Every structure is written in C-alpha cells, then in structure tokens.
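**Q** Below is protein-v8.tsv; it holds TSV, C-alpha atoms.
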chain	number	residue	atom	x	y	z
A	1	MET	CA	54.21	-81.31	-54.49
A	2	THR	CA	54.64	-80.56	-50.82
A	3	PHE	CA	52.12	-78.72	-48.74
A	4	THR	CA	54.54	-77.77	-45.99
A	5	ARG	CA	55.52	-74.38	-47.28
A	6	ILE	CA	52.93	-72.36	-45.38
A	7	ILE	CA	54.46	-69.29	-43.86
A	8	ASN	CA	52.79	-68.54	-40.56
A	9	ARG	CA	53.65	-64.91	-40.04
A	10	LYS	CA	53.54	-62.01	-42.45
A	11	GLU	CA	56.82	-60.69	-41.11
A	12	GLU	CA	58.66	-63.94	-41.88
A	13	HIS	CA	57.37	-63.89	-45.44
A	14	ARG	CA	58.48	-60.33	-46.09
A	15	THR	CA	62.03	-61.10	-45.00
A	16	MET	CA	62.58	-64.33	-46.93
A	17	PRO	CA	66.29	-64.19	-47.72
A	18	THR	CA	66.53	-66.60	-50.65
A	19	GLU	CA	63.71	-65.69	-53.01
A	20	SER	CA	61.18	-62.93	-53.52
A	21	SER	CA	57.53	-63.40	-52.66
A	22	ARG	CA	56.75	-63.18	-56.38
A	23	GLU	CA	59.11	-66.10	-57.08
A	24	VAL	CA	57.51	-68.16	-54.29
A	25	ILE	CA	54.04	-67.48	-55.67
A	26	LYS	CA	55.17	-68.39	-59.18
A	27	ARG	CA	56.57	-71.68	-57.91
A	28	TYR	CA	53.35	-72.47	-56.03
A	29	ILE	CA	51.30	-71.70	-59.13
A	30	GLU	CA	53.59	-73.93	-61.22
A	31	ASP	CA	52.99	-76.73	-58.73
A	32	ALA	CA	49.22	-76.18	-58.84
A	33	ILE	CA	49.26	-76.26	-62.65
A	34	VAL	CA	51.07	-79.60	-62.63
A	35	VAL	CA	48.63	-81.02	-60.08
A	36	GLU	CA	45.64	-79.87	-62.14
A	37	GLN	CA	47.06	-81.16	-65.43
A	38	ASN	CA	47.78	-84.50	-63.84
A	39	PHE	CA	44.33	-84.72	-62.28
A	40	GLU	CA	42.68	-83.81	-65.59
A	41	THR	CA	44.42	-86.81	-67.17
A	42	GLN	CA	43.35	-89.00	-64.27
A	43	LEU	CA	39.74	-87.80	-64.46
A	44	LYS	CA	39.59	-88.55	-68.18
A	45	ALA	CA	40.80	-92.08	-67.45
A	46	PHE	CA	38.28	-92.45	-64.61
A	47	SER	CA	35.47	-91.34	-66.96
A	48	ARG	CA	36.16	-94.41	-69.13
A	49	GLU	CA	36.33	-96.90	-66.25
A	50	GLY	CA	33.75	-98.62	-64.12
A	51	GLU	CA	30.17	-99.48	-64.83
A	52	GLN	CA	28.21	-96.53	-63.44
A	53	ALA	CA	27.20	-93.87	-65.94
A	54	ALA	CA	26.62	-91.18	-63.27
A	55	VAL	CA	30.15	-91.65	-61.95
A	56	GLN	CA	31.66	-91.62	-65.44
A	57	ARG	CA	29.72	-88.45	-66.29
A	58	LEU	CA	30.87	-86.71	-63.11
A	59	PHE	CA	34.50	-87.48	-63.92
A	60	ALA	CA	34.14	-86.31	-67.53
A	61	GLU	CA	32.52	-83.03	-66.43
A	62	HIS	CA	35.11	-82.44	-63.74
A	63	ALA	CA	37.93	-83.06	-66.23
A	64	ILE	CA	36.60	-80.08	-68.22
A	65	GLU	CA	36.43	-77.92	-65.08
A	66	THR	CA	39.95	-79.02	-64.12
A	67	ARG	CA	41.28	-77.99	-67.54
A	68	TYR	CA	39.73	-74.55	-67.05
A	69	GLN	CA	41.40	-74.33	-63.63
A	70	HIS	CA	44.88	-75.01	-64.97
A	71	GLN	CA	44.27	-72.60	-67.85
A	72	ARG	CA	43.42	-69.83	-65.37
A	73	LEU	CA	46.47	-70.69	-63.28
A	74	THR	CA	48.68	-70.65	-66.39
A	75	ALA	CA	47.32	-67.22	-67.36
A	76	ARG	CA	48.09	-65.92	-63.86
A	77	LEU	CA	51.58	-67.40	-63.93
A	78	GLU	CA	52.25	-65.72	-67.26
A	79	GLN	CA	50.98	-62.40	-65.86
A	80	LEU	CA	53.61	-62.79	-63.14
A	81	GLY	CA	56.29	-63.44	-65.75
A	82	GLY	CA	56.51	-67.21	-65.35
A	83	THR	CA	55.89	-70.24	-67.53
A	84	PRO	CA	54.65	-73.73	-66.61
A	85	SER	CA	57.36	-76.29	-65.89
A	86	VAL	CA	57.44	-78.96	-68.61
A	87	LEU	CA	59.81	-81.14	-66.57
A	88	LYS	CA	57.59	-81.14	-63.47
A	89	SER	CA	54.57	-82.00	-65.60
A	90	PHE	CA	56.39	-84.87	-67.29
A	91	LEU	CA	57.64	-86.34	-64.01
A	92	VAL	CA	54.22	-86.18	-62.38
A	93	HIS	CA	52.58	-87.86	-65.36
A	94	VAL	CA	55.16	-90.67	-65.29
A	95	PHE	CA	54.60	-91.16	-61.56
A	96	ASN	CA	50.81	-91.14	-62.04
A	97	PHE	CA	51.02	-93.85	-64.71
A	98	THR	CA	53.11	-96.03	-62.41
A	99	GLN	CA	50.64	-95.47	-59.59
A	100	ARG	CA	47.62	-96.38	-61.76
A	101	THR	CA	49.13	-99.69	-62.87
A	102	THR	CA	48.91	-100.96	-59.28
A	103	HIS	CA	45.09	-100.92	-59.58
A	104	LEU	CA	44.86	-103.01	-62.75
A	105	GLY	CA	43.50	-106.13	-61.01
A	106	GLN	CA	40.24	-104.60	-59.82
A	107	GLU	CA	36.91	-105.91	-61.05
A	108	PRO	CA	35.06	-103.50	-63.36
A	109	ALA	CA	32.28	-103.09	-60.79
A	110	GLU	CA	34.82	-101.97	-58.17
A	111	LYS	CA	36.53	-99.35	-60.33
A	112	SER	CA	33.83	-96.71	-59.91
A	113	SER	CA	33.90	-96.81	-56.13
A	114	GLN	CA	37.71	-96.98	-56.00
A	115	ASN	CA	38.00	-94.06	-58.42
A	116	LEU	CA	35.54	-92.02	-56.34
A	117	ILE	CA	37.62	-92.65	-53.22
A	118	VAL	CA	40.84	-91.64	-55.00
A	119	ALA	CA	39.20	-88.52	-56.47
A	120	PHE	CA	37.75	-87.51	-53.09
A	121	GLY	CA	41.20	-87.71	-51.51
A	122	ILE	CA	42.78	-85.71	-54.31
A	123	GLU	CA	40.09	-83.02	-54.14
A	124	ASN	CA	40.67	-82.55	-50.43
A	125	SER	CA	44.42	-82.36	-50.95
A	126	LYS	CA	43.84	-79.67	-53.54
A	127	ILE	CA	41.61	-77.73	-51.13
A	128	ALA	CA	44.60	-77.62	-48.77
A	129	MET	CA	46.97	-76.74	-51.62
A	130	TYR	CA	44.82	-73.74	-52.59
A	131	GLU	CA	44.63	-72.67	-48.95
A	132	GLU	CA	48.41	-72.55	-48.94
A	133	LEU	CA	48.53	-70.55	-52.18
A	134	ALA	CA	45.87	-68.12	-50.92
A	135	VAL	CA	47.68	-67.56	-47.61
A	136	VAL	CA	51.04	-66.97	-49.29
A	137	ALA	CA	49.45	-64.63	-51.84
A	138	ALA	CA	47.68	-62.69	-49.07
A	139	PHE	CA	50.94	-62.26	-47.15
A	140	ALA	CA	52.56	-60.98	-50.33
A	141	ASP	CA	49.64	-58.60	-50.97
A	142	ASP	CA	48.91	-60.37	-54.28
A	143	VAL	CA	45.15	-59.93	-54.25
A	144	GLN	CA	44.66	-61.32	-57.75
A	145	THR	CA	46.38	-64.64	-56.99
A	146	GLU	CA	44.65	-64.90	-53.62
A	147	ARG	CA	41.25	-64.37	-55.28
A	148	LEU	CA	42.02	-66.99	-57.95
A	149	ALA	CA	43.16	-69.49	-55.32
A	150	ARG	CA	39.98	-68.95	-53.27
A	151	MET	CA	37.77	-69.35	-56.36
A	152	ILE	CA	39.41	-72.60	-57.37
A	153	GLN	CA	39.37	-73.79	-53.76
A	154	GLU	CA	35.57	-73.36	-53.70
A	155	GLU	CA	35.29	-75.26	-56.98
A	156	GLU	CA	37.30	-78.08	-55.39
A	157	ARG	CA	35.00	-78.11	-52.35
A	158	ALA	CA	31.96	-78.36	-54.63
A	159	ALA	CA	33.58	-81.21	-56.58
A	160	ALA	CA	34.45	-83.06	-53.35
A	161	ARG	CA	30.80	-82.76	-52.22
A	162	LYS	CA	29.58	-84.18	-55.55
A	163	ILE	CA	32.03	-87.06	-55.33
A	164	TRP	CA	31.11	-87.76	-51.71
A	165	GLY	CA	27.45	-87.83	-52.72
A	166	LEU	CA	28.09	-90.69	-55.14
A	167	ILE	CA	30.25	-92.93	-52.93
A	168	GLU	CA	27.47	-94.53	-50.86
A	169	GLY	CA	25.24	-95.29	-53.84
A	170	CYS	CA	28.16	-96.69	-55.79
A	171	CYS	CA	29.13	-98.99	-52.93
A	172	ARG	CA	25.53	-100.10	-52.42
A	173	GLN	CA	25.22	-100.91	-56.10
A	174	LEU	CA	28.44	-102.91	-55.88
A	175	LEU	CA	27.17	-104.94	-52.91
A	176	MET	CA	23.60	-105.55	-54.14
A	177	PRO	CA	24.46	-108.69	-56.17
A	178	ALA	CA	26.36	-110.17	-53.22
A	179	VAL	CA	23.44	-109.52	-50.88
A	180	ALA	CA	20.98	-111.03	-53.36
A	181	ASN	CA	23.14	-114.16	-53.70
A	182	ARG	CA	23.61	-114.69	-49.96
A	183	GLY	CA	20.29	-113.46	-48.71
A	184	ASN	CA	22.02	-111.02	-46.35
A	185	VAL	CA	25.44	-109.96	-45.20
A	186	ALA	CA	26.13	-110.16	-41.50
Mind converting the file's structure to structure tokens?

**A**
Amino acid sequence: MTFTRIINRKEEHRTMPTESSREVIKRYIEDAIVVEQNFETQLKAFSREGEQAAVQRLFAEHAIETRYQHQRLTARLEQLGGTPSVLKSFLVHVFNFTQRTTHLGQEPAEKSSQNLIVAFGIENSKIAMYEELAVVAAFADDVQTERLARMIQEEERAAARKIWGLIEGCCRQLLMPAVANRGNVA
C-alpha cells in the first residue's frame, strides 16, 4: 500500500479526471482493510512467540481490536457499494509470510522485543495511513468515512503507546542474564 496519494488541495480533489472521489475512498478503504487483515494475522503469530506473557497478551488483545477495525472498514466499504479485494489480501499475506521467514533464526528471548519493534513501526505507519484516508474523505465531504478513519487512527495511537511502554522492559529483561553473567556491560 502506498501512502503517497494525499491530495493537498480541495480543488484538485474535486476535479480528479480519472476517478470519482467515491472510487478513491473505496480504494483507500480496500487498502486499509488489507493492511488490518494482514496485521491481525501477524499479531496472532506474535502472541504465540517470545517468552514474555505481557507482550503475548498485548498482541492477542490487539489482534481482536484489529479484527474489529477491519470489520468496521468492510461495513463502510459495503455502504459505499464496494467489496474487499480478495486478490490484494492474498498477495499481502503471501508477502508477509515471506517477510516473516527472514526472522526465523532469532532466539526465543529476542522475539518479544523484535516483535514489539515491528508492531510499533506498523502502528505508526497505520496512523499515517488513516490520516491520508481522513484527509481524502474530508475533501470529498464524506463525514462518515472521515469520522471512522479518525476513530481508528486514535485506536492505533493508543496501541502504539502500549507497545512503546513495553519495549524498554522487554529489552531489559533480555539483557539481565547477560549482565548477571558478566558483572556489567560497558
């Protein structure tokens, strides 16, 4: 999904020659649905990895919230006369699997911190994605989509804060055995 489709001026948006504002919004919502479905799958996998129960619990809880987000997006897309793209979803899931296999060599103790870092990056990307959707919806006078995008964007900010709050403790827990074995790390 690209995040370069922001239209800077309302006048430019209203005169888009190739597709209507409704079609643009539908496409953006389709993209957001695919991102959320993919991230839900990733969160479920994260919830089974690593050694820290608090991190696993956070990922499991956020997977549920993420499912609710893509359900709301799907409902909005259907209200606009669209349907989720099965092909896009399939391609993103294939790419995600390929991406995850590059991290197979990590130690179990490292997985929690690595997963938190990945999730934090994804959450912040989604904050930007929902900003784009909200701006485009506002320019098109689609108050309902704009409101939905802002709501989900706030949920993403809250999730990013929760993830950020666990990174330091997770890293400290990872380093504690090394510090105990060496006496100190300098």

**Q** At what distance in Å, to one decimal, does CA of Pro84 in chain A lie from CA of Asp31 in chain A?

**A**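 CA of Pro84 in chain A lies at a distance of 8.6 Å from CA of Asp31 in chain A.
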
**Q** What's around Asp141 in chain A at 12 Å? Count only C-alpha atoms, leave out sequence neighbours fewer than 3 positions away in its own chain, and write the answer as a list of chain:residue names.

**A**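 Counting only the stated atoms, we get A:Lys10, A:His13, A:Arg14, A:Ser21, A:Arg22, A:Ile25, A:Ala134, A:Val135, A:Val136, A:Ala137, A:Ala138, A:Gln144, A:Thr145, A:Glu146, A:Arg147.
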
**Q** Around (44.0, -84.4, -62.0), as given in the file, which residues come within 9 Å? Count all atoms listed in the file and list them as a count of residues only.

**A** 17

**Q** Pick the closest to Gln52 in chain A from A:Arg157, A:Lys111, A:Arg150, A:Lys126: which is it, counting all atoms listed in the file?

**A**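 Of all the options, A:Lys111 lies closest to Gln52 in chain A.
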
**Q** For Ala53 in chain A, which residue out of A:Gln69, A:Gln79, A:Phe139, A:Ser112 is the nearest one, using all atoms listed in the file?

**A**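 Nearest to Ala53 in chain A: A:Ser112.
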
**Q** For a test of reading the model, state the distance in Å between CA of Glu156 in chain A and CA of Ile127 in chain A, rounded to one decimal.

**A**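 Between these atoms lies a distance of 6.1 Å.
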
**Q** Give as number ranges by chain each residue that has an atom at most 9 Å from (44.9, -71.4, -57.2) in the file, counting all atoms listed in the file.

**A** A: 28-29, 32-33, 69-70, 72-73, 129-131, 133-134, 145-153

**Q** Write the residues you've just listed into a file as an mmCIF file, in the coordinates of the input, and include C-alpha atoms for each of them.

**A**
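As written to disk, again-v5.cif reads:
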data_model
loop_
_atom_site.group_PDB
_atom_site.id
_atom_site.type_symbol
_atom_site.label_atom_id
_atom_site.label_comp_id
_atom_site.auth_asym_id
_atom_site.auth_seq_id
_atom_site.Cartn_x
_atom_site.Cartn_y
_atom_site.Cartn_z
ATOM 1 C CA TYR A 28 53.350 -72.470 -56.030
ATOM 2 C CA ILE A 29 51.300 -71.700 -59.130
ATOM 3 C CA ALA A 32 49.220 -76.180 -58.840
ATOM 4 C CA ILE A 33 49.260 -76.260 -62.650
ATOM 5 C CA GLN A 69 41.400 -74.330 -63.630
ATOM 6 C CA HIS A 70 44.880 -75.010 -64.970
ATOM 7 C CA ARG A 72 43.420 -69.830 -65.370
ATOM 8 C CA LEU A 73 46.470 -70.690 -63.280
ATOM 9 C CA MET A 129 46.970 -76.740 -51.620
ATOM 10 C CA TYR A 130 44.820 -73.740 -52.590
ATOM 11 C CA GLU A 131 44.630 -72.670 -48.950
ATOM 12 C CA LEU A 133 48.530 -70.550 -52.180
ATOM 13 C CA ALA A 134 45.870 -68.120 -50.920
ATOM 14 C CA THR A 145 46.380 -64.640 -56.990
ATOM 15 C CA GLU A 146 44.650 -64.900 -53.620
ATOM 16 C CA ARG A 147 41.250 -64.370 -55.280
ATOM 17 C CA LEU A 148 42.020 -66.990 -57.950
ATOM 18 C CA ALA A 149 43.160 -69.490 -55.320
ATOM 19 C CA ARG A 150 39.980 -68.950 -53.270
ATOM 20 C CA MET A 151 37.770 -69.350 -56.360
ATOM 21 C CA ILE A 152 39.410 -72.600 -57.370
ATOM 22 C CA GLN A 153 39.370 -73.790 -53.760
#

**Q** What does the distance from CA of Ile163 in chain A to CA of Asn124 in chain A come to in Å, to one decimal?

**A** 10.9 Å

**Q** Of the residues A:Ala128, A:Val143, A:Ala45, A:Ile117, which is the one nearest to Leu166 in chain A, using only C-alpha atoms?

**A** A:Ile117

**Q** Between A:Arg27, A:Gly50, A:Glu110, A:Tyr68, single out the one closest to Arg172 in chain A, counting all atoms listed in the file.

**A**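 Closest candidate: A:Glu110.
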
**Q** Which residue out of A:Arg48, A:Val118, A:Ala54, A:Arg76 has the minimum interatomic distance to Gly165 in chain A when only C-alpha atoms are used?

**A** A:Ala54

**Q** Go through A:Ser85, A:Gln114, A:Thr74, A:Ser20 and flag the residue nearest Glu168 in chain A, using all atoms listed in the file for the distances.

**A**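 Smallest separation from Glu168 in chain A among the options: A:Gln114.
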
**Q** From the block you just saw, export range 16-88 of chain A: C-alpha atoms, as an mmCIF file, in the first residue's frame.

**A**
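Generated output (out_6.cif):
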data_model
loop_
_atom_site.group_PDB
_atom_site.id
_atom_site.type_symbol
_atom_site.label_atom_id
_atom_site.label_comp_id
_atom_site.auth_asym_id
_atom_site.auth_seq_id
_atom_site.Cartn_x
_atom_site.Cartn_y
_atom_site.Cartn_z
ATOM 1 C CA MET A 16 -9.840 14.462 -10.471
ATOM 2 C CA PRO A 17 -10.272 13.447 -14.108
ATOM 3 C CA THR A 18 -9.840 9.666 -13.882
ATOM 4 C CA GLU A 19 -11.979 8.528 -10.972
ATOM 5 C CA SER A 20 -14.646 9.889 -8.674
ATOM 6 C CA SER A 21 -13.902 10.781 -5.073
ATOM 7 C CA ARG A 22 -16.142 7.892 -4.015
ATOM 8 C CA GLU A 23 -13.997 5.455 -6.030
ATOM 9 C CA VAL A 24 -10.810 6.861 -4.490
ATOM 10 C CA ILE A 25 -12.237 6.493 -0.995
ATOM 11 C CA LYS A 26 -13.356 2.934 -1.741
ATOM 12 C CA ARG A 27 -9.862 2.061 -2.943
ATOM 13 C CA TYR A 28 -8.279 3.582 0.178
ATOM 14 C CA ILE A 29 -10.672 1.657 2.392
ATOM 15 C CA GLU A 30 -9.876 -1.559 0.496
ATOM 16 C CA ASP A 31 -6.193 -0.924 1.139
ATOM 17 C CA ALA A 32 -6.829 -0.274 4.837
ATOM 18 C CA ILE A 33 -8.838 -3.498 5.124
ATOM 19 C CA VAL A 34 -5.975 -5.498 3.624
ATOM 20 C CA VAL A 35 -3.475 -3.841 5.965
ATOM 21 C CA GLU A 36 -5.654 -4.589 9.002
ATOM 22 C CA GLN A 37 -6.325 -8.198 7.979
ATOM 23 C CA ASN A 38 -2.631 -8.752 7.441
ATOM 24 C CA PHE A 39 -1.713 -7.163 10.752
ATOM 25 C CA GLU A 40 -4.326 -9.233 12.577
ATOM 26 C CA THR A 41 -2.625 -12.376 11.251
ATOM 27 C CA GLN A 42 0.760 -11.017 12.272
ATOM 28 C CA LEU A 43 -0.465 -10.097 15.763
ATOM 29 C CA LYS A 44 -1.861 -13.584 16.290
ATOM 30 C CA ALA A 45 1.526 -15.027 15.351
ATOM 31 C CA PHE A 46 3.306 -12.556 17.653
ATOM 32 C CA SER A 47 1.006 -13.584 20.530
ATOM 33 C CA ARG A 48 2.417 -17.130 20.303
ATOM 34 C CA GLU A 49 6.076 -16.090 20.120
ATOM 35 C CA GLY A 50 8.602 -14.935 22.662
ATOM 36 C CA GLU A 51 8.822 -15.566 26.358
ATOM 37 C CA GLN A 52 7.043 -12.582 27.914
ATOM 38 C CA ALA A 53 3.419 -13.118 28.881
ATOM 39 C CA ALA A 54 2.609 -9.375 28.992
ATOM 40 C CA VAL A 55 3.827 -8.944 25.422
ATOM 41 C CA GLN A 56 1.949 -12.015 24.209
ATOM 42 C CA ARG A 57 -1.231 -10.789 25.925
ATOM 43 C CA LEU A 58 -0.912 -7.330 24.361
ATOM 44 C CA PHE A 59 -0.599 -8.849 20.890
ATOM 45 C CA ALA A 60 -3.562 -11.194 21.438
ATOM 46 C CA GLU A 61 -5.757 -8.315 22.666
ATOM 47 C CA HIS A 62 -4.702 -6.058 19.818
ATOM 48 C CA ALA A 63 -5.456 -8.807 17.277
ATOM 49 C CA ILE A 64 -9.074 -8.699 18.486
ATOM 50 C CA GLU A 65 -9.173 -4.897 18.202
ATOM 51 C CA THR A 66 -7.625 -5.104 14.731
ATOM 52 C CA ARG A 67 -10.313 -7.563 13.605
ATOM 53 C CA TYR A 68 -12.974 -5.112 14.789
ATOM 54 C CA GLN A 69 -11.238 -2.344 12.825
ATOM 55 C CA HIS A 70 -11.290 -4.237 9.542
ATOM 56 C CA GLN A 71 -14.903 -5.267 10.172
ATOM 57 C CA ARG A 72 -15.895 -1.604 10.552
ATOM 58 C CA LEU A 73 -13.936 -0.696 7.435
ATOM 59 C CA THR A 74 -15.599 -3.520 5.498
ATOM 60 C CA ALA A 75 -19.039 -2.324 6.616
ATOM 61 C CA ARG A 76 -18.198 1.204 5.446
ATOM 62 C CA LEU A 77 -16.886 -0.064 2.116
ATOM 63 C CA GLU A 78 -20.090 -2.020 1.578
ATOM 64 C CA GLN A 79 -22.144 1.094 2.416
ATOM 65 C CA LEU A 80 -20.247 2.839 -0.377
ATOM 66 C CA GLY A 81 -21.050 -0.006 -2.768
ATOM 67 C CA GLY A 82 -17.665 -1.732 -2.676
ATOM 68 C CA THR A 83 -16.338 -5.107 -1.605
ATOM 69 C CA PRO A 84 -12.949 -6.078 -0.135
ATOM 70 C CA SER A 85 -10.329 -7.177 -2.650
ATOM 71 C CA VAL A 86 -9.572 -10.887 -2.265
ATOM 72 C CA LEU A 87 -6.558 -10.643 -4.586
ATOM 73 C CA LYS A 88 -4.943 -7.794 -2.638
#
